[in-house]
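Asks: Dumping the structure here so I can ask a few things about it.
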Amino acid sequence: MRLVDARTMKEMDRRAMETYGVSGLQLMENAGRGVADVAVSMLDGGRGPVAVVAGKGNNGGDGFVAARHLCNRGVSAVVFSLASIDEIKGDAGRNARSWVRMGGEVHLVRTTEELKRHFSPLMMSTLIIDAVLGTGLSSPVEGFYGEVIDLINGLDKPVLSVDVPSGLCASTGRVLGRAVSADVTATMALPKTGLYVYPGRAHAGRIEVVDIGAPRAVLEEGEAEFELVDEDFVWKVLRPRGADSHKGTYGHLLVAAGSPGKGGAAYMSAAAAMRAGAGLVTLAVPESIAQAMEAKTTEVMTCALAAGADGAFCKASADGARALLEGKSALAVGPGIGASDATASFVSALLREARCPVVVDADGLNVLAGRLDGLKEVEARLVLTPHPGEAARLLGTTAAGVQDHRLASARRLADLTGAVVVLKGAGTVVAAASGKVYVNPTGSAALASAGTGDILTGIIGALLAQGAAPAAAAAAGAYIHGLAAQRLASRGYEAGLVATDLLEALPPLLSELSRSRDP
């Protein structure tokens, strides 16, 4: 599903009006009517009263239109306007005056004192429509508007936000000072990127897309810069399982992982690759843990490589790995390998030698910190899967800085490396070097558990081995990983889930996602 930022949506509105002759008044009318539709569904047969808190811009204009349509349907609606009617200009002003002329109730709320005076009427409402600030917001909310947002959040009433929750950056999901926490957001024409990127996702509630009558040609024009991963996307990535296929049909993944004390990471990534449909998986580990891995794994083939004095991969390990790369469909490297100079040499050698797509995770990323310059010269197509801390080390910043700018951080790392970057965390962001960004809507707090990242590495590696393009494998892998966690959480697994619980959830989930291929 296409996502848009504020700049793109503004341009689409302009094109609808200037090229196709759809007036701004028409767009606002359709938007307000759509908000009223959503409000009626939230009321579930109730008759209000509904409090519309309206700013003086187009967002407020949508609110006045919504009030009119609610009134016409027999729902009691009151507008609390943050500007006098004369101050409201353009299409919003026309709709404000229309509301007044039809006898609609308006309370002017322009100061802190007036806000306090109208607290009781607001408290009597059964639903609050937040039509204060829209997609044009670019600076922190302060002063009186901040007080309004605080009041809405403190009313303990259901809140329906118009287009985006007031105070939220529509493009990035950042909270600009403070933001409304909505139960539902009725967003116009296309969903906004910031509604799906945390912390914005936590403020948006359920997201309803309102058809405002913008021409389809405008909404589909050009290449989508942002895309929300959904089941249809994943369906296109998953490879059909033909009746006459065999294990070689679904690729051979080489996993280079593990070190003393971290053999579990190697096992989980390799086992996840098998569970995600790879035909064959070979697990290369340092000889120090090879016996343990041989005993631990059944379907996965194992191979021992030379180990350094610390028992981990070393420069000499690359000689054995070089031979193992022959004939492999994809490579996964990094889980549990340690972060010494010796392992850095091993990873660098593997990346130079690989001609198949490679997913790099965990310690494989840590040893690349300060060594990003050469990645664009690597012949293999790369997928990097950092969590915010790893991304911070690669970018020379802080984890907090990465979290504050998740989209920009993922894009910057993709630009620096030429790789597909999977920035893990709630609302995983996948950025390609082309600038295209995929946002994953699945996931659960159940994934806040050691080893779940190793499972993701295995899933992405399996999809790469089966022939998926790196960006598609990364985005689909994140979706599958998150959905598996959601399914387990719904069965009571959220607290106490361990990473290996995800392994059993993968086959039925993949079968379900592929089922629509059946005749």
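Order determines the names: the first chain of the structure tokens is A, the second B, and so forth; residues in each chain are numbered 1 upward, and ligands are numbered 1 upward as they are shown.
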Name all residues at most 8 Å from Val402 (chain A) (count only C-alpha atoms; drop same-chain ones fewer than 4 positions away) and give them as number ranges by chain.
Replies: A: 388, 391-392, 397-398, 406, 409
Asks: I'd like the neighbourhood of Arg68 (chain A) as a PyMOL selection string, where a residue qualifies if any of its atoms comes within 9 Å (using only C-alpha atoms), though same-chain residues fewer than 4 positions away should be ignored.
Replies: chain A and resi 32-33+36+63-64+72-73+77+95+98-99+102+104
Asks: Can you tell me, as an mmCIF file with C-alpha atoms, in the first residue's frame, what residues are no more than 7 Å from Met1 (chain A) when counting only C-alpha atoms, ignoring any on the same chain fewer than 4 positions away?
Replies:
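selection-v3.cif, freshly written:
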data_model
loop_
_atom_site.group_PDB
_atom_site.id
_atom_site.type_symbol
_atom_site.label_atom_id
_atom_site.label_comp_id
_atom_site.auth_asym_id
_atom_site.auth_seq_id
_atom_site.Cartn_x
_atom_site.Cartn_y
_atom_site.Cartn_z
ATOM 1 C CA GLU A 227 5.241 1.638 0.871
ATOM 2 C CA LEU A 228 3.423 -0.133 3.675
ATOM 3 C CA VAL A 229 4.164 -3.849 3.553
ATOM 4 C CA ASP A 230 0.994 -5.946 3.490
#
Asks: What's around Gly258 (chain A) at 6 Å? Count only C-alpha atoms, leave out sequence neighbours fewer than 2 positions away in its own chain, and write the answer as a VMD selection string.
Replies: chain A and resid 262 to 263 266 285 336 to 337
Asks: Please, could you write that set of residues out with C-alpha atoms as a PDB file, in the first residue's frame?
Replies:
ATOM      1  CA  LYS A 262      26.955 -17.724  21.355  1.00  0.00           C
ATOM      2  CA  GLY A 263      26.175 -20.948  19.579  1.00  0.00           C
ATOM      3  CA  ALA A 266      24.023 -19.729  14.947  1.00  0.00           C
ATOM      4  CA  VAL A 285      30.873 -22.334  12.658  1.00  0.00           C
ATOM      5  CA  GLY A 336      27.027 -14.474  17.520  1.00  0.00           C
ATOM      6  CA  ILE A 337      30.458 -14.265  15.828  1.00  0.00           C
TER       7      ILE A 337
END
Asks: From the DSSP assignment of the backbone, select every residue of region 139-338 of chain A that is helix (DSSP H, G or I), and format the answer as a ChimeraX atom specification.
Replies: /A:143-154,193-195,200-204,216-219,231-237,247-250,263-275,287-296,317-324
Asks: Region 211-355 of chain A: which residues are strand (DSSP E or B) by DSSP, as a list in words?
Replies: Phe226, Glu227, Leu228, His252, Leu253, Leu254, Val255, Ala256, Leu280, Val281, Thr282, Leu283, Ala284, Val285, Pro286, Met301, Thr302, Cys303, Ala304, Leu305, Ala307, Phe313, Ala330, Leu331, Ala332 and Val333 of chain A
Asks: List as a Markdown table every residue of region 142-260 of chain A that is in contact with region 114-126 of chain A, defined as an atom at most 9 Å from one of its atoms (using only C-alpha atoms), together with the nearest atom pair and the distance in Å rounded to one decimal, sorted by chain and then rising number.
Replies:
| residue | atom | partner | partner_atom | distance |
| --- | --- | --- | --- | --- |
| A:Glu147 | CA | A:Leu115 | CA | 8.5 |
| A:Val148 | CA | A:Leu115 | CA | 7.5 |
| A:Leu151 | CA | A:Phe119 | CA | 8.4 |
| A:Ile152 | CA | A:Leu122 | CA | 8.8 |
| A:Leu155 | CA | A:Met123 | CA | 6.4 |
| A:Asp156 | CA | A:Met123 | CA | 8.6 |
| A:Lys157 | CA | A:Thr126 | CA | 6.6 |
| A:Pro158 | CA | A:Thr126 | CA | 7.2 |
Asks: Filtering to N, CA and C atoms, could you give me those residues as a PDB file, in the first residue's frame?
Replies:
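Result file is out39.pdb:
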ATOM      1  N   GLU A 147      -1.731  23.509  25.194  1.00  0.00           N
ATOM      2  CA  GLU A 147      -2.721  23.325  26.254  1.00  0.00           C
ATOM      3  C   GLU A 147      -3.971  22.614  25.721  1.00  0.00           C
ATOM      4  N   VAL A 148      -4.366  22.947  24.503  1.00  0.00           N
ATOM      5  CA  VAL A 148      -5.533  22.301  23.891  1.00  0.00           C
ATOM      6  C   VAL A 148      -5.274  20.804  23.720  1.00  0.00           C
ATOM      7  N   LEU A 151      -5.411  19.068  26.971  1.00  0.00           N
ATOM      8  CA  LEU A 151      -6.789  18.925  27.433  1.00  0.00           C
ATOM      9  C   LEU A 151      -7.477  17.757  26.737  1.00  0.00           C
ATOM     10  N   ILE A 152      -7.326  17.671  25.408  1.00  0.00           N
ATOM     11  CA  ILE A 152      -7.943  16.563  24.663  1.00  0.00           C
ATOM     12  C   ILE A 152      -7.453  15.226  25.198  1.00  0.00           C
ATOM     13  N   LEU A 155      -9.083  14.242  28.668  1.00  0.00           N
ATOM     14  CA  LEU A 155     -10.537  14.138  28.830  1.00  0.00           C
ATOM     15  C   LEU A 155     -11.021  12.710  29.046  1.00  0.00           C
ATOM     16  N   ASP A 156     -10.199  11.733  28.703  1.00  0.00           N
ATOM     17  CA  ASP A 156     -10.595  10.333  28.826  1.00  0.00           C
ATOM     18  C   ASP A 156     -11.854  10.042  28.011  1.00  0.00           C
ATOM     19  N   LYS A 157     -11.894  10.598  26.788  1.00  0.00           N
ATOM     20  CA  LYS A 157     -12.984  10.367  25.848  1.00  0.00           C
ATOM     21  C   LYS A 157     -12.410   9.771  24.566  1.00  0.00           C
ATOM     22  N   PRO A 158     -13.207   9.012  23.824  1.00  0.00           N
ATOM     23  CA  PRO A 158     -12.729   8.545  22.521  1.00  0.00           C
ATOM     24  C   PRO A 158     -12.381   9.738  21.632  1.00  0.00           C
TER      25      PRO A 158
END
Asks: Between A:Ala495, A:Val132, A:Gly143, A:Val75, which residue has the minimum interatomic distance to Asp44 (chain A), considering only C-alpha atoms?
Replies: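 For Asp44 (chain A), the nearest of the given residues is A:Val75.
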Asks: Within 9 Å of Gly458 (chain A), counting only C-alpha atoms, which residues show up once you throw out same-chain ones fewer than 6 positions away? Write them as a PyMOL selection string, please.
Replies: chain A and resi 255+268-276+332+359+477
Asks: Can you pull out the residues contacting Tyr250 (chain A)? Cut-off 10 Å, using only C-alpha atoms, and skip same-chain residues under 5 positions away; I want them as a list of chain:residue names.
Replies: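 In the requested form, the answer reads A:Arg239, A:Pro240, A:Arg241, A:Ser245, A:Gly277, A:Ala278, A:Gly279, A:Leu280, A:Ser329, A:Ala462, A:Leu463, A:Leu464, A:Ala465, A:Gln466, A:Gly467.
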Asks: Output the selection as a PDB file, in the first residue's frame - C-alpha atoms for each residue.
Replies:
ATOM      1  CA  ARG A 239       7.780 -18.604  -4.127  1.00  0.00           C
ATOM      2  CA  PRO A 240       5.099 -21.100  -5.201  1.00  0.00           C
ATOM      3  CA  ARG A 241       5.828 -24.689  -4.146  1.00  0.00           C
ATOM      4  CA  SER A 245       9.939 -29.225  -7.141  1.00  0.00           C
ATOM      5  CA  GLY A 277      11.426 -22.446   3.238  1.00  0.00           C
ATOM      6  CA  ALA A 278      15.084 -22.636   2.214  1.00  0.00           C
ATOM      7  CA  GLY A 279      15.737 -25.962   0.477  1.00  0.00           C
ATOM      8  CA  LEU A 280      19.166 -26.460   2.034  1.00  0.00           C
ATOM      9  CA  SER A 329      22.277 -19.099  -3.376  1.00  0.00           C
ATOM     10  CA  ALA A 462      15.862 -18.031   3.252  1.00  0.00           C
ATOM     11  CA  LEU A 463      13.935 -15.603   1.048  1.00  0.00           C
ATOM     12  CA  LEU A 464      17.164 -14.446  -0.601  1.00  0.00           C
ATOM     13  CA  ALA A 465      18.132 -18.073  -1.230  1.00  0.00           C
ATOM     14  CA  GLN A 466      14.765 -18.654  -2.889  1.00  0.00           C
ATOM     15  CA  GLY A 467      15.455 -15.837  -5.339  1.00  0.00           C
TER      16      GLY A 467
END
Asks: What does the structure give for the distance between CA of Glu142 (chain A) and CA of Ala408 (chain A), in Å to one decimal?
Replies: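 A separation of 24.8 Å between them.
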Asks: Please identify every residue of region 242-287 of chain A that has at least one atom no farther than 6 Å from an atom of region 301-306 of chain A, counting only C-alpha atoms, and for each give the shortest atom pair and the distance in Å to one decimal, arranged by chain then increasing number, as JSON lines.
Replies:
{"residue": "A:Thr282", "atom": "CA", "partner": "A:Met301", "partner_atom": "CA", "distance": 4.6}
{"residue": "A:Leu283", "atom": "CA", "partner": "A:Thr302", "partner_atom": "CA", "distance": 4.6}
{"residue": "A:Ala284", "atom": "CA", "partner": "A:Cys303", "partner_atom": "CA", "distance": 4.8}
{"residue": "A:Val285", "atom": "CA", "partner": "A:Ala304", "partner_atom": "CA", "distance": 5.3}
{"residue": "A:Pro286", "atom": "CA", "partner": "A:Leu305", "partner_atom": "CA", "distance": 4.9}
{"residue": "A:Glu287", "atom": "CA", "partner": "A:Ala304", "partner_atom": "CA", "distance": 4.6}
Asks: Take CA of Asp232 (chain A) and CA of Ala419 (chain A) and report the distance between them in Å, one decimal.
Replies: 24.4 Å
Asks: List the neighbours of Gly74 (chain A) out to 12 Å using only C-alpha atoms; skip same-chain residues closer than 2 positions along the sequence, and give me the result as a list in words.
Replies: Ala36, Val40, Gly45, Gly46, Arg47, Gly48, Pro49, Val50, Ala67, Arg68, His69, Leu70, Cys71, Asn72, Ser76 and Ala77 of chain A
